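**Q** Okay, handing you the structure first.
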Amino acid sequence: MPTYTDMTRCDGCGDCVDICPSDIMHIDPVYRRSYNIEPNFCWECYSCVKACSQNAIDVRGYADFAPLGHKVRVLREPEKGSISWKIRYRDGRRKEFTFPIRTTPWGSIKGPSEYEAPDLSGLTSQLLAHEPTALHIDALPTLKRA
Amino acid sequence: MARGTKFVDSDILIIGGGFGGCGAAYESRYWGRDLKIVLVEKANVERSGAVAQGLSAINCYMGMQWGENQPEDFVRYARGDLMGLVREDLVYDIARHVDSTVHKFEEWGLPILKNPQTGRYLREGKWQIMIHGESYKPIVAEAARKSATEIYNRIMVTHLLMDKVRANRIAGAVGFNVRTGDFYVFRAKAVIVGAGGGSHIYRPRAVGEGMGRTWYAPWSTASAYGLLIPTGAKMTQMENKIVLTRFKDGYGPVGAWFLLLKSQATNAAGEFYEKDRYPEIKERVGHYVDIHPMPTCLRNHAMLEEIKAGKGPIYMHTQKVLDTREKEEIGWEDFLDMTIGQAVVWASQNIDPKETPSELTTSEPYIMGSHATCSGAWASGPEDCAPAEYQWGYNRMTTVEGLFGAGDTIGGSAHKFSAGSFTEGRLAAKAAVRYIIDHKAQPPEVDDEHIKRLKEAVFKPLEHYRVGRNEIVAGTVAPSYIDPLQGLQRLEKIMDEYVGGYSMFYVTSEHLLKRGLELLKMLTEDFESIGAENLHQLQRAWELQHRIVTGESVARHTLFRQETRWPGYYYRGDYPKLDDSEWHCFTGSQYDAKSGEWNMSKLPVHRIVPGFELLRT
Ligand SMILES: Cc1cc2nc3c(=O)[nH]c(=O)nc-3n(C[C@H](O)[C@H](O)[C@H](O)COP(=O)(O)OP(=O)(O)OC[C@H]3O[C@@H](n4cnc5c(N)ncnc54)[C@H](O)[C@@H]3O)c2cc1C
Ligand code: SF4
Ligand code: SF4
C-alpha cells in the first residue's frame, strides 16, 4: 500500500502528517485517523512509521513487485540512541537487528553562534568555520599547480 | 476567496533544507552573527530531501589527517569518472574542505564506524566511509535549527523573484504554505538554492503502486533547476543524466557490496562480463576505457550490453561473501539505514542474501549534480584557484547577481554526495555573507505588480479544478484540465521515449529529440490548464512545472552535444562515439523567459590538476 494505518491503534495525533517528506500522510476527515493518500508517491522511507508513538503504521511492500506475507517492523528509541528491526519473510523466516543512531544527547549540538565571533577579515580567506583545526591537519591545502 | 499574503524579509534566504541548505544555514550564521537567516523548506527539515531515511555511508571523505588522499587525487578521480569533464576548481574546493565537515558531523553525534586495527574511519572504498546513518538527517537538521533565525516548513517555493530595477539581480522568492494556503513573499539580499535534484523526469521502471520507489527520492522534484532556469541563470551539463546500477526493484545501493564486502556481479551463466566487453568499449571511447576505476557509465554500458544479449539476469553474489554475522549485519544495515524498500523486497521474495544472489539492473535516468554526474548551474569558483573564465565575483554564485547554489544545484562538480553538498552549502554561505557586506547600500526591490501576477498564477490550478470539475459527473477525466499526475506521466513518457529513457535502452537522436521537444512544448502549454483539487495537489502541480522545465533543458542539452560521451548514461544513436576534437567542453544554456529562446553554448574546460590526456584520434 506502501504505508497503511491500523484503525484500532491510530489516535489521530498527526505526527506522521508533520514528518512525511512526501506530504502523503493525511488525517481522514471522517475517521479522524491518518492514511496514505498517495501510495504511489511513497518511498517506503519509514519516517512516519518511526515517528508514530502508537506503532499504528505499517508497510505492505509495493504491489508491483513485492509478494504478500512479509513484515519489516521498526522501533526507534532516540533516548537510547538505537534502532531495532524485526523482519519476517513471506515463508516465515525471521531476522532481527539493532543499530546505533547517535552518540551524543539529542539537542546537544553547539550552534555556530556559541563559538567566538570570527574576525570578519577572514571573509576574504579560503578558510571555513573551525578551519584549519577541524580539518585535523595544520593548514588548508592549496593547489599544487603543474 | 481572499487569500493571505505574508512578507518575510531576510538577509540570506536559503531555499531547501537538505544537505546543501543545512550547510548554508550553519556557515552563514557562523560568519553573519547579526544577519537574519531564513530557511524555507517544502517538507519538514527533520526528515527532508534525499537523506530523509538516512544513509549508510559518506561517499566523499579525503582522510587528509592520515594522509589517505589529497584533494588533487580526488579531482583526478572525479574527472576520470566523468570522462574528463568536471569543473576542477569546484571539485578541488569541495575536496579540501570536506574533511572538516565530516569531523563536525562526528562531533555532533553521527556514529562513524572505525577500523579496529588502525583506529581510523572504516573505509568502504577509497573515498567512502561507513556510518550508522539512520539519524544522519535529524542530526544535521538540529545543527541547522540552531543556526537559522527562522525556519519555515511546508512551504513550496514556486518562483524566484528578480530585482525591479537591476535586471540580473536576485530579490527573493515566492511560494505557498501547503497547510494554510497562504502566499509567501520572501525578500532577501542574497538567496542560496539547495532545492535538490530530479527523479520522475523519466518514466520509472515500476509504474503502478511502486512508482514512488525510485532510487532518488520521489520528492526530489528538480526544483533546483526549475527555480533557476526561468531567471536566465546559465546552466551546464544538463545532458549528463545519471543511470544507476542498483538491486532490482528495491534500488538498494551496491557500493558497500562491491567495495567493502567484495561481492561480485556476473551474468546468469556466472560469467564476469566486464572484461569481455573491453574491446567494444574501447572502440567507442578510446583510451578512456583504461581509466581506473572504470568510469561508472562504462560499467553500466557493459551490463546493458549483456542484458541486451539475453545474458541476464545480472546477479550480485551476496551469498558468497556473507560468511560471518558481522558481515550479514553490515549488509542489512546498509539497506535498513537508507533503502528500507530493498529489505522489504528481500522479505517478500524470500531472498536471504546469505543464501541467494540478488538481481541487479539499471535505473531510469535522474538529473542531479551531486552524484557520479554533474548537471546544474554554472557557478563562479574559488578565488584562489579558479581560472579567470570561471570567476566573476563570489564563490558558488550563479550568473545571476546574489543567487548562490549548493549540492545538486551546482553543475560541473560531481561526486560531492552528502558531506560534499553540505560543504558546498558552507562555501556558498560564506561567499553570500561577503556579498551582503560588500553590497550594503543596495537592498533589493521587488515589483508589486509582478508579485500580484505571480500570486494569481500560483493558485490558478485550484481555480481550473473548481470550475472544470462542474463539467463532469465524477472521476479524473475532464475536458478542460489535466491533473498533476496525468501531466507527470506524460512528461515521463516523452522523456523516456524521446530523450533516452530505459525503454529505449537510453538511446536518442536528433530526430527523436526534436519530436520530443515538440511534445514538451504542448505539455508546457497544457500546464497552463492544470487542475489541482486541493493544496496538496497544488504542490504536485508546481513540482511538475519544475520537472517540465528541467526536462526541456535536458532535451536541449542532449540535442546540442553531438557525441556519446557517457555510454551507459545515454547514447546519441546518430553520434555513437566520444568525440574530443569537438566536444571536450561543457555545454551551457541560458533561457530567456521573455522570448522563450534557449541560447546554447560551449564552455571551456580548464585543467588545474595535472595528469590528464585527451583522446588520441
Ligand atoms: C538512495 C540514496 C543513497 C545515497 N547514498 C549516499 C551515500 O551513501 N553517501 C553519500 O554521501 N550520499 C549519498 N546519497 C546522495 C546524497 O543524498 C545527496 O548527494 C545530497 O542529499 C544532495 O544534497 P542537496 O542539498 O542538493 O539535496 P537534498 O538533500 O535532497 O535537499 C533538497 C531539499 O530541498 C527541499 N526542496 C525541494 N524543492 C523545494 C521547493 N520547491 N521549495 C522548498 N523546498 C524544496 C527538499 O524538500 C529537500 O529538503 C544518496 C542518495 C540517495 C537518494
Ligand atoms: S502518528 Fe500514529 S497515531 Fe499519530 S496520526 Fe499518525 S498513525 Fe495515527
Ligand atoms: S514511508 Fe515515508 S513517504 Fe511513505 S508515507 Fe511514510 S513518511 Fe511518507
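Each chain in the C-alpha cells gets a letter, A, B and so on, in the order shown; residues start at 1 in every chain, and ligands are counted from 1 in the order they appear.
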From a DSSP calculation on the backbone, collect every residue of range 193-398 of chain B in helix (DSSP H, G or I) and output the set as a PyMOL selection string.
**A** chain B and resi 209-212+223-231+255-260+275-290+296-308+318-320+325-338+340-348+388-390
**Q** What parts of chain A does DSSP call strand (DSSP E or B)? I'd like the answer as a ChimeraX atom specification.
**A** /A:3-5,25-27,34-36,57-59,71-77,82-88,94-100
**Q** Provide the atom 8 (Fe, counted along the ligand's line) of ligand 2 to CA of Gly181 in chain B distance in Å, to one decimal place.
**A**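 Separation between atom 8 (Fe, counted along the ligand's line) of ligand 2 and CA of Gly181 in chain B: 23.6 Å.
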**Q** What's around range 46-60 of chain A at 6 Å? Count only C-alpha atoms, leave out sequence neighbours fewer than 3 positions away in its own chain, and write the answer as a ChimeraX atom specification.
**A** /A:1-6,9-10,16,20,76
**Q** Quick one: residues within 7 Å of Glu359 in chain B, only C-alpha atoms, excluding same-chain residues fewer than 3 positions away - as JSON, numbers by chain?
**A** {"B": [247, 248, 313, 314, 315, 316]}
**Q** For Leu140 in chain A, list every protein, DNA or RNA residue within 12 Å, evaluated using only C-alpha atoms, and leave out those in the same chain fewer than 6 positions away; present the list as a list of chain:residue names.
**A** A:Ser125, A:Gln126, A:Leu127, A:Leu128, A:Ala129, A:His130, A:Glu131, A:Pro132, A:Thr133, A:Ala134, B:Met64, B:Gln65, B:Gln70, B:Pro71, B:Tyr92, B:Asp93, B:Ile94, B:Ala95, B:Arg96, B:His97, B:Val98, B:Asp99, B:Ser100
**Q** Please provide as JSON, numbers by chain all residues within 8 Å of Phe560 in chain B, with the sequence filter that same-chain residues fewer than 4 positions apart are discarded (counting only C-alpha atoms).
**A** {"B": [556, 587, 600]}
**Q** At a cut-off of 6 Å, which residues of chain B touch chain A? Count only C-alpha atoms and give the answer as a PyMOL selection string.
**A** chain B and resi 30+43-44+48+53+65+99-100+108-111+132+134-135+146+209-213+219+341+345+347-348+350+610
**Q** Now that the selection is made, can you save its residues with N, CA, C and O atoms as an mmCIF file, in the first residue's frame?
**A**
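Written file, out.cif:
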```
data_model
loop_
_atom_site.group_PDB
_atom_site.id
_atom_site.type_symbol
_atom_site.label_atom_id
_atom_site.label_comp_id
_atom_site.auth_asym_id
_atom_site.auth_seq_id
_atom_site.Cartn_x
_atom_site.Cartn_y
_atom_site.Cartn_z
ATOM 1 N N TYR B 30 27.649 31.343 11.250
ATOM 2 C CA TYR B 30 28.996 31.460 11.822
ATOM 3 C C TYR B 30 29.618 32.810 11.471
ATOM 4 O O TYR B 30 30.154 33.498 12.332
ATOM 5 N N ALA B 43 9.039 20.453 2.946
ATOM 6 C CA ALA B 43 8.611 19.367 3.842
ATOM 7 C C ALA B 43 8.941 19.793 5.272
ATOM 8 O O ALA B 43 8.590 20.884 5.677
ATOM 9 N N ASN B 44 9.603 18.930 6.022
ATOM 10 C CA ASN B 44 9.984 19.235 7.392
ATOM 11 C C ASN B 44 11.488 18.944 7.493
ATOM 12 O O ASN B 44 11.894 17.799 7.271
ATOM 13 N N SER B 48 13.838 15.674 5.555
ATOM 14 C CA SER B 48 13.512 16.122 4.201
ATOM 15 C C SER B 48 14.675 15.813 3.271
ATOM 16 O O SER B 48 15.791 15.581 3.709
ATOM 17 N N GLN B 53 15.564 9.244 4.815
ATOM 18 C CA GLN B 53 15.538 7.969 5.536
ATOM 19 C C GLN B 53 16.895 7.571 6.093
ATOM 20 O O GLN B 53 16.996 6.577 6.793
ATOM 21 N N GLN B 65 44.021 13.747 7.385
ATOM 22 C CA GLN B 65 44.727 13.634 8.665
ATOM 23 C C GLN B 65 45.593 12.373 8.720
ATOM 24 O O GLN B 65 46.550 12.307 9.481
ATOM 25 N N ASP B 99 36.670 17.289 4.740
ATOM 26 C CA ASP B 99 37.037 16.593 5.976
ATOM 27 C C ASP B 99 36.578 17.362 7.215
ATOM 28 O O ASP B 99 36.163 16.772 8.212
ATOM 29 N N SER B 100 36.641 18.691 7.152
ATOM 30 C CA SER B 100 36.227 19.450 8.345
ATOM 31 C C SER B 100 34.732 19.290 8.579
ATOM 32 O O SER B 100 34.267 19.238 9.716
ATOM 33 N N TRP B 108 29.055 16.121 16.388
ATOM 34 C CA TRP B 108 27.632 16.329 16.668
ATOM 35 C C TRP B 108 26.928 15.047 17.099
ATOM 36 O O TRP B 108 25.821 15.087 17.608
ATOM 37 N N GLY B 109 27.528 13.897 16.807
ATOM 38 C CA GLY B 109 26.919 12.655 17.277
ATOM 39 C C GLY B 109 26.634 11.620 16.212
ATOM 40 O O GLY B 109 26.010 10.588 16.493
ATOM 41 N N LEU B 110 27.098 11.871 14.991
ATOM 42 C CA LEU B 110 26.902 10.849 13.940
ATOM 43 C C LEU B 110 27.867 9.696 14.194
ATOM 44 O O LEU B 110 29.084 9.915 14.240
ATOM 45 N N PRO B 111 27.351 8.477 14.371
ATOM 46 C CA PRO B 111 28.275 7.354 14.602
ATOM 47 C C PRO B 111 29.003 6.949 13.318
ATOM 48 O O PRO B 111 28.359 6.579 12.331
ATOM 49 N N HIS B 132 26.745 4.670 10.867
ATOM 50 C CA HIS B 132 25.426 4.214 11.307
ATOM 51 C C HIS B 132 24.515 5.416 11.081
ATOM 52 O O HIS B 132 24.306 6.230 11.984
ATOM 53 N N GLU B 134 21.210 6.144 10.285
ATOM 54 C CA GLU B 134 19.745 6.266 10.281
ATOM 55 C C GLU B 134 19.313 7.683 10.654
ATOM 56 O O GLU B 134 18.332 8.211 10.133
ATOM 57 N N SER B 135 20.040 8.324 11.561
ATOM 58 C CA SER B 135 19.644 9.656 12.033
ATOM 59 C C SER B 135 20.508 10.773 11.460
ATOM 60 O O SER B 135 20.574 11.869 12.012
ATOM 61 N N LYS B 146 19.719 25.307 14.954
ATOM 62 C CA LYS B 146 20.455 26.177 15.880
ATOM 63 C C LYS B 146 21.123 27.337 15.147
ATOM 64 O O LYS B 146 21.767 28.172 15.784
ATOM 65 N N GLU B 209 1.573 1.053 -8.158
ATOM 66 C CA GLU B 209 1.725 1.496 -6.775
ATOM 67 C C GLU B 209 3.194 1.765 -6.451
ATOM 68 O O GLU B 209 3.521 2.625 -5.647
ATOM 69 N N GLY B 210 4.084 1.027 -7.134
ATOM 70 C CA GLY B 210 5.521 1.127 -6.826
ATOM 71 C C GLY B 210 6.239 2.264 -7.515
ATOM 72 O O GLY B 210 7.460 2.354 -7.440
ATOM 73 N N MET B 211 5.526 3.163 -8.186
ATOM 74 C CA MET B 211 6.236 4.221 -8.916
ATOM 75 C C MET B 211 7.023 5.147 -7.987
ATOM 76 O O MET B 211 7.982 5.792 -8.403
ATOM 77 N N GLY B 212 6.645 5.169 -6.695
ATOM 78 C CA GLY B 212 7.389 6.002 -5.749
ATOM 79 C C GLY B 212 8.742 5.420 -5.380
ATOM 80 O O GLY B 212 9.601 6.114 -4.836
ATOM 81 N N ARG B 213 8.948 4.137 -5.637
ATOM 82 C CA ARG B 213 10.237 3.513 -5.270
ATOM 83 C C ARG B 213 11.258 3.750 -6.368
ATOM 84 O O ARG B 213 11.734 2.841 -7.035
ATOM 85 N N TRP B 219 10.353 12.912 -3.858
ATOM 86 C CA TRP B 219 10.195 14.343 -3.567
ATOM 87 C C TRP B 219 11.378 15.167 -4.050
ATOM 88 O O TRP B 219 11.441 16.366 -3.782
ATOM 89 N N GLY B 341 13.132 -0.131 1.509
ATOM 90 C CA GLY B 341 12.359 -0.833 0.473
ATOM 91 C C GLY B 341 13.073 -2.079 -0.057
ATOM 92 O O GLY B 341 12.428 -3.048 -0.463
ATOM 93 N N VAL B 345 11.747 -5.919 -0.195
ATOM 94 C CA VAL B 345 11.791 -6.806 -1.375
ATOM 95 C C VAL B 345 12.355 -8.174 -0.977
ATOM 96 O O VAL B 345 11.805 -9.219 -1.313
ATOM 97 N N ALA B 347 12.421 -9.628 1.992
ATOM 98 C CA ALA B 347 11.493 -10.376 2.856
ATOM 99 C C ALA B 347 10.316 -10.912 2.047
ATOM 100 O O ALA B 347 9.867 -12.037 2.241
ATOM 101 N N SER B 348 9.843 -10.107 1.102
ATOM 102 C CA SER B 348 8.649 -10.512 0.352
ATOM 103 C C SER B 348 8.967 -11.579 -0.681
ATOM 104 O O SER B 348 8.128 -12.423 -0.987
ATOM 105 N N ASN B 350 11.386 -13.829 -0.427
ATOM 106 C CA ASN B 350 12.124 -14.916 0.224
ATOM 107 C C ASN B 350 13.602 -14.961 -0.177
ATOM 108 O O ASN B 350 14.172 -16.030 -0.386
ATOM 109 N N PRO B 610 47.282 18.403 -12.850
ATOM 110 C CA PRO B 610 47.924 17.696 -13.967
ATOM 111 C C PRO B 610 47.543 16.218 -14.027
ATOM 112 O O PRO B 610 46.960 15.681 -13.095
#
```
**Q** I need the residue nearest ligand 1 from this list: B:Tyr273, B:Tyr571, B:Phe422, B:Tyr121. Use only C-alpha atoms and all ligand atoms for the distance.
**A**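 Closest to ligand 1 of all the choices is B:Phe422.
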